[in-house]
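Q: Sharing a structure with you now.
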Amino acid sequence: MVKEISPDSLKSYVTRLVSFGTRSTLSTTTDKKRGIGAAREWVAQRFTEFAKNSNGRMTAFVDTITIPADGRRVDVATNLGNAIAILKGTDPNDDRIYIISGHLDSRVTDVMNRTSDAPGANDDGSGVAAVLECARIMCKHSFPATVMFVAVSGEEQSLLGSTFLANQAKSKNWNIDAMLNNDIMGSNHSNETNIIDNTRLRIFSEGISVLDTGRVLSTVRSLGLENDSKSRQLARYVKEVGERYVDNLEVVMVYRSDRFLRGGDHTPFLQKGYAAVRLTEMNENYNHQHQDLKTEKGIVYGDLLEFMDFEYLRKNTAINLVALANLAKAPSVPQEVKVEVRNLTNSTTLNWKTPKNAKTTSYYVLMRETTSPVWQKKFFTTETTMTLPYSKDNYFFAVQSANDTGNESLAIVPTTAR
């Protein structure tokens, strides 16, 4: 699947998105050639075209809602629409959902300007292109779990589309196992340096969840698990699996939910307690973000196609694809993972129960030093218990489910068993 990802395909998607002139959330939804309405319909049409290769498993639509004026970034009631494709999982007993998103809307300097050209090539044509390319390739394959490909609207108007989707997920009790948000991921250098950096991709992940309160937060503190939230585990997974399959690209983990003064579409999912991360380029170029199209003192401002690196975007798209494909092919996570703490020992015993409704053939026990950002050792077993000659005082541990094709679930950190 990685070999199928095409820089030319990615460029063609971004070129078409730019052709809509502006994709401001406040722009027209009735014009067939210009504005957010035409753009979201085109994305849905592309999804529908791809779905012809899915044996009926993928469906596409535009999910709409009317957003009332809020006196801030929405000045009139606005028709908001997310373009969505759902690749249904093949296992009727597996209710897991994995989401990849990018935001469809664009902007210029004035976020309320709905008429001026706002190409939005990199912000966030790049993320939408990654979503489209993953959908094109993955729909030809089958996965036990369900994958959702989403181009949300309203990001620049305060994360409206992703909030709409996250609220639906919570109200309908969707079992979202992971959400990958792609935003600004196709440019290779900043406005403050001429150094080209197309070999690193940042992944932002939240540490302590907003839902970690009371006894849960007390447990996090007492066990030193501030860096072991669900989103941190997802970031580690993306890094390990991504670097396994994608050459010449390092996934750089950033221990923040997002950048200073900015926000992304993973945030509403974090607020609902889901594992969600943001993937973004290593060095942003602010001359080409949120800018009116102009040239001053020889500097070209604006989010234009000419400033993108589509080979870099290919690699960044591949990181998403391999993480999604491995997760959707893997069994669900092991249940009731425990570490034995009843006795003072210099070894560590872990035990767990088999995953819910999963065909699991094996497990990995993961281990890392308390100061390490990534898992350093993996121990294979076909049992549901393991004793290791390493002290639980000195290391962190976790357990993954695996299947006979070698696909691993997300890692589950143990609670204590007394």
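We label chains A, B, ... in the order they appear in the structure tokens, count residues from 1 in each chain, and number ligands from 1 in the order shown.
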If you count only C-alpha atoms, which residues fall within 7 Å of A:Ala235, apart from same-chain ones fewer than 5 positions away, as number ranges by chain?

A: A: 203, 205, 253, 277

Q: Would you export the selected residues with all heavy atoms as a compact mmCIF listing (two decimals), in the first residue's frame, please?

A:
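Output saved as out-v9.txt:
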```
# COMPACT_ATOMS: atom_id res chain seq x y z
N ILE A 203 4.50 14.86 15.63
CA ILE A 203 3.22 14.35 16.11
C ILE A 203 3.00 14.88 17.52
O ILE A 203 3.81 14.66 18.41
CB ILE A 203 3.15 12.81 16.04
CG1 ILE A 203 1.78 12.31 16.48
CG2 ILE A 203 4.26 12.15 16.84
CD1 ILE A 203 1.53 10.85 16.12
N SER A 205 0.86 15.12 21.01
CA SER A 205 -0.03 14.25 21.78
C SER A 205 -0.22 14.80 23.19
O SER A 205 0.71 15.29 23.81
CB SER A 205 0.53 12.83 21.85
OG SER A 205 1.78 12.80 22.50
N MET A 253 8.08 13.02 18.23
CA MET A 253 7.00 13.20 19.20
C MET A 253 7.18 14.51 19.97
O MET A 253 8.27 14.80 20.45
CB MET A 253 6.95 12.03 20.17
CG MET A 253 6.54 10.72 19.52
SD MET A 253 6.16 9.45 20.74
CE MET A 253 7.71 9.31 21.59
N VAL A 277 -4.36 12.57 17.98
CA VAL A 277 -3.07 13.25 17.83
C VAL A 277 -3.11 14.15 16.60
O VAL A 277 -3.96 13.99 15.73
CB VAL A 277 -1.90 12.24 17.68
CG1 VAL A 277 -1.70 11.44 18.96
CG2 VAL A 277 -2.13 11.30 16.49
```

Q: I need the residues of stretch 210-254 of chain A that end up classed as strand (DSSP E) by DSSP on the backbone, written out as a PyMOL selection string.

A: chain A and resi 250-254

Q: Keeping C-alpha atoms for every residue in the selection just given, could you write it to a file as a PDB file, in the first residue's frame?

A:
```pdb
ATOM      1  CA  GLU A 250      11.581  10.383  11.437  1.00  0.00           C
ATOM      2  CA  VAL A 251       8.408  10.847  13.451  1.00  0.00           C
ATOM      3  CA  VAL A 252       9.220  13.424  16.141  1.00  0.00           C
ATOM      4  CA  MET A 253       6.999  13.204  19.199  1.00  0.00           C
ATOM      5  CA  VAL A 254       6.092  16.505  20.834  1.00  0.00           C
TER       6      VAL A 254
END
```

Q: Give me, as JSON lines, each residue of stretch 83-153 of chain A that comes within 8 Å of stretch 5-14 of chain A, together with its shortest interatomic pair and the distance in Å at one decimal, counting only C-alpha atoms, with rows ordered by chain and rising residue number.

A:
```
{"residue": "A:Ala121", "atom": "CA", "partner": "A:Val14", "partner_atom": "CA", "distance": 6.0}
{"residue": "A:Gly125", "atom": "CA", "partner": "A:Val14", "partner_atom": "CA", "distance": 5.3}
{"residue": "A:Ser126", "atom": "CA", "partner": "A:Val14", "partner_atom": "CA", "distance": 6.7}
{"residue": "A:Ala129", "atom": "CA", "partner": "A:Leu10", "partner_atom": "CA", "distance": 5.5}
{"residue": "A:Ala130", "atom": "CA", "partner": "A:Leu10", "partner_atom": "CA", "distance": 7.1}
{"residue": "A:Leu132", "atom": "CA", "partner": "A:Tyr13", "partner_atom": "CA", "distance": 7.9}
{"residue": "A:Glu133", "atom": "CA", "partner": "A:Ile5", "partner_atom": "CA", "distance": 6.8}
{"residue": "A:Cys134", "atom": "CA", "partner": "A:Ile5", "partner_atom": "CA", "distance": 8.0}
{"residue": "A:Ile137", "atom": "CA", "partner": "A:Ile5", "partner_atom": "CA", "distance": 7.6}
```

Q: Near A:Phe20, within 9 Å and counting only C-alpha atoms, which residues show up once chain neighbours fewer than 4 positions away are dropped, as number ranges by chain?

A: A: 16, 33-36, 38-39, 117-119

Q: Give me a file of those residues, with C-alpha atoms, as a CSV table (one decimal), in the first residue's frame.

A:
```
chain,number,residue,atom,x,y,z
A,16,ARG,CA,-8.2,20.9,-7.6
A,33,LYS,CA,-17.4,26.0,-9.1
A,34,ARG,CA,-16.3,28.2,-6.2
A,35,GLY,CA,-16.5,28.1,-2.4
A,36,ILE,CA,-16.7,25.6,0.4
A,38,ALA,CA,-18.4,23.0,-4.3
A,39,ALA,CA,-15.2,21.8,-2.6
A,117,ASP,CA,-9.0,34.0,-2.9
A,118,ALA,CA,-7.7,31.7,-0.2
A,119,PRO,CA,-5.8,28.8,-1.9
```

Q: Using the chain letters and numbers from this document, which residues of stretch 16-163 of chain A does DSSP assign to alpha helix (DSSP H), as a PyMOL selection string?

A: chain A and resi 16-18+36-51+125-138+160-163

Q: When you draw a straight line from atom CA of A:Tyr286 to atom CA of A:Ile100, how long is it in Å?

A: 24.7 Å

Q: Counting only C-alpha atoms, which residue out of A:Tyr237, A:Trp42, A:Phe47, A:Tyr274 sits closest to A:Leu17?

A: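 Selected residue with least distance to A:Leu17: A:Trp42.
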
Q: Just to confirm, what's the straight-line distance from atom CA of A:Thr280 to atom CA of A:Leu313 in Å (one decimal)?

A: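 Going from atom CA of A:Thr280 over to atom CA of A:Leu313 covers 10.3 Å.
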
Q: Figure out the distance between atom CA of A:Val111 and atom CA of A:Val131, please, to one decimal in Å.

A: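 We find that atom CA of A:Val131 and atom CA of A:Val111 lie 24.3 Å from each other.
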
Q: Using only C-alpha atoms, which protein or nucleic acid residues come within 10 Å of A:Glu155? Drop anything in the same chain fewer than 2 positions from it, and give the result as a PyMOL selection string.

A: chain A and resi 24-25+102-107+124+152-153+157-163+263-265

Q: With C-alpha atoms kept, could you save the residues just selected as an mmCIF file, in the first residue's frame?

A:
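As written to disk, result_24.cif reads:
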```
data_model
loop_
_atom_site.group_PDB
_atom_site.id
_atom_site.type_symbol
_atom_site.label_atom_id
_atom_site.label_comp_id
_atom_site.auth_asym_id
_atom_site.auth_seq_id
_atom_site.Cartn_x
_atom_site.Cartn_y
_atom_site.Cartn_z
ATOM 1 C CA SER A 24 -13.799 29.719 3.644
ATOM 2 C CA THR A 25 -16.444 28.106 5.831
ATOM 3 C CA GLY A 102 -7.846 16.977 7.418
ATOM 4 C CA HIS A 103 -9.724 20.268 7.277
ATOM 5 C CA LEU A 104 -11.291 21.427 4.040
ATOM 6 C CA ASP A 105 -11.724 25.110 4.812
ATOM 7 C CA SER A 106 -9.152 27.826 4.083
ATOM 8 C CA ARG A 107 -8.685 31.468 5.048
ATOM 9 C CA ASP A 124 -5.007 22.293 4.797
ATOM 10 C CA VAL A 152 -14.007 18.571 8.088
ATOM 11 C CA SER A 153 -15.151 22.146 7.613
ATOM 12 C CA GLN A 157 -13.931 29.188 12.533
ATOM 13 C CA SER A 158 -13.064 27.432 15.845
ATOM 14 C CA LEU A 159 -13.077 23.703 15.086
ATOM 15 C CA LEU A 160 -16.763 23.611 14.200
ATOM 16 C CA GLY A 161 -16.788 20.567 11.919
ATOM 17 C CA SER A 162 -14.669 18.383 14.163
ATOM 18 C CA THR A 163 -16.753 19.412 17.184
ATOM 19 C CA GLY A 263 -5.534 24.524 17.780
ATOM 20 C CA GLY A 264 -6.476 21.512 15.689
ATOM 21 C CA ASP A 265 -9.358 19.191 14.897
#
```

Q: Near stretch 318-322 of chain A, counting only C-alpha atoms, which residues have an atom at most 7 Å away, once you skip same-chain residues fewer than 5 positions from it, shown as a list in words?

A: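 That gives Val2, Cys134, Val241, Gly242 and Val246 of chain A.
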
Q: With N, CA and C atoms retained, could you export that selection as a JSON list (two decimals), in the first residue's frame?

A:
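Resulting contents of result37.json:
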```json
[["chain", "number", "residue", "atom", "x", "y", "z"],
["A", 2, "VAL", "N", 1.96, 1.22, 0.72],
["A", 2, "VAL", "CA", 2.86, 2.38, 0.74],
["A", 2, "VAL", "C", 3.36, 2.70, -0.67],
["A", 134, "CYS", "N", -5.28, 8.07, 1.17],
["A", 134, "CYS", "CA", -5.46, 6.90, 2.03],
["A", 134, "CYS", "C", -6.77, 6.18, 1.69],
["A", 241, "VAL", "N", 5.44, 2.17, 14.06],
["A", 241, "VAL", "CA", 4.95, 1.53, 12.84],
["A", 241, "VAL", "C", 5.31, 2.36, 11.62],
["A", 242, "GLY", "N", 5.20, 3.69, 11.75],
["A", 242, "GLY", "CA", 5.53, 4.55, 10.62],
["A", 242, "GLY", "C", 6.97, 4.42, 10.18],
["A", 246, "VAL", "N", 8.18, 3.39, 6.40],
["A", 246, "VAL", "CA", 8.42, 4.57, 5.57],
["A", 246, "VAL", "C", 9.89, 4.97, 5.69]]
```
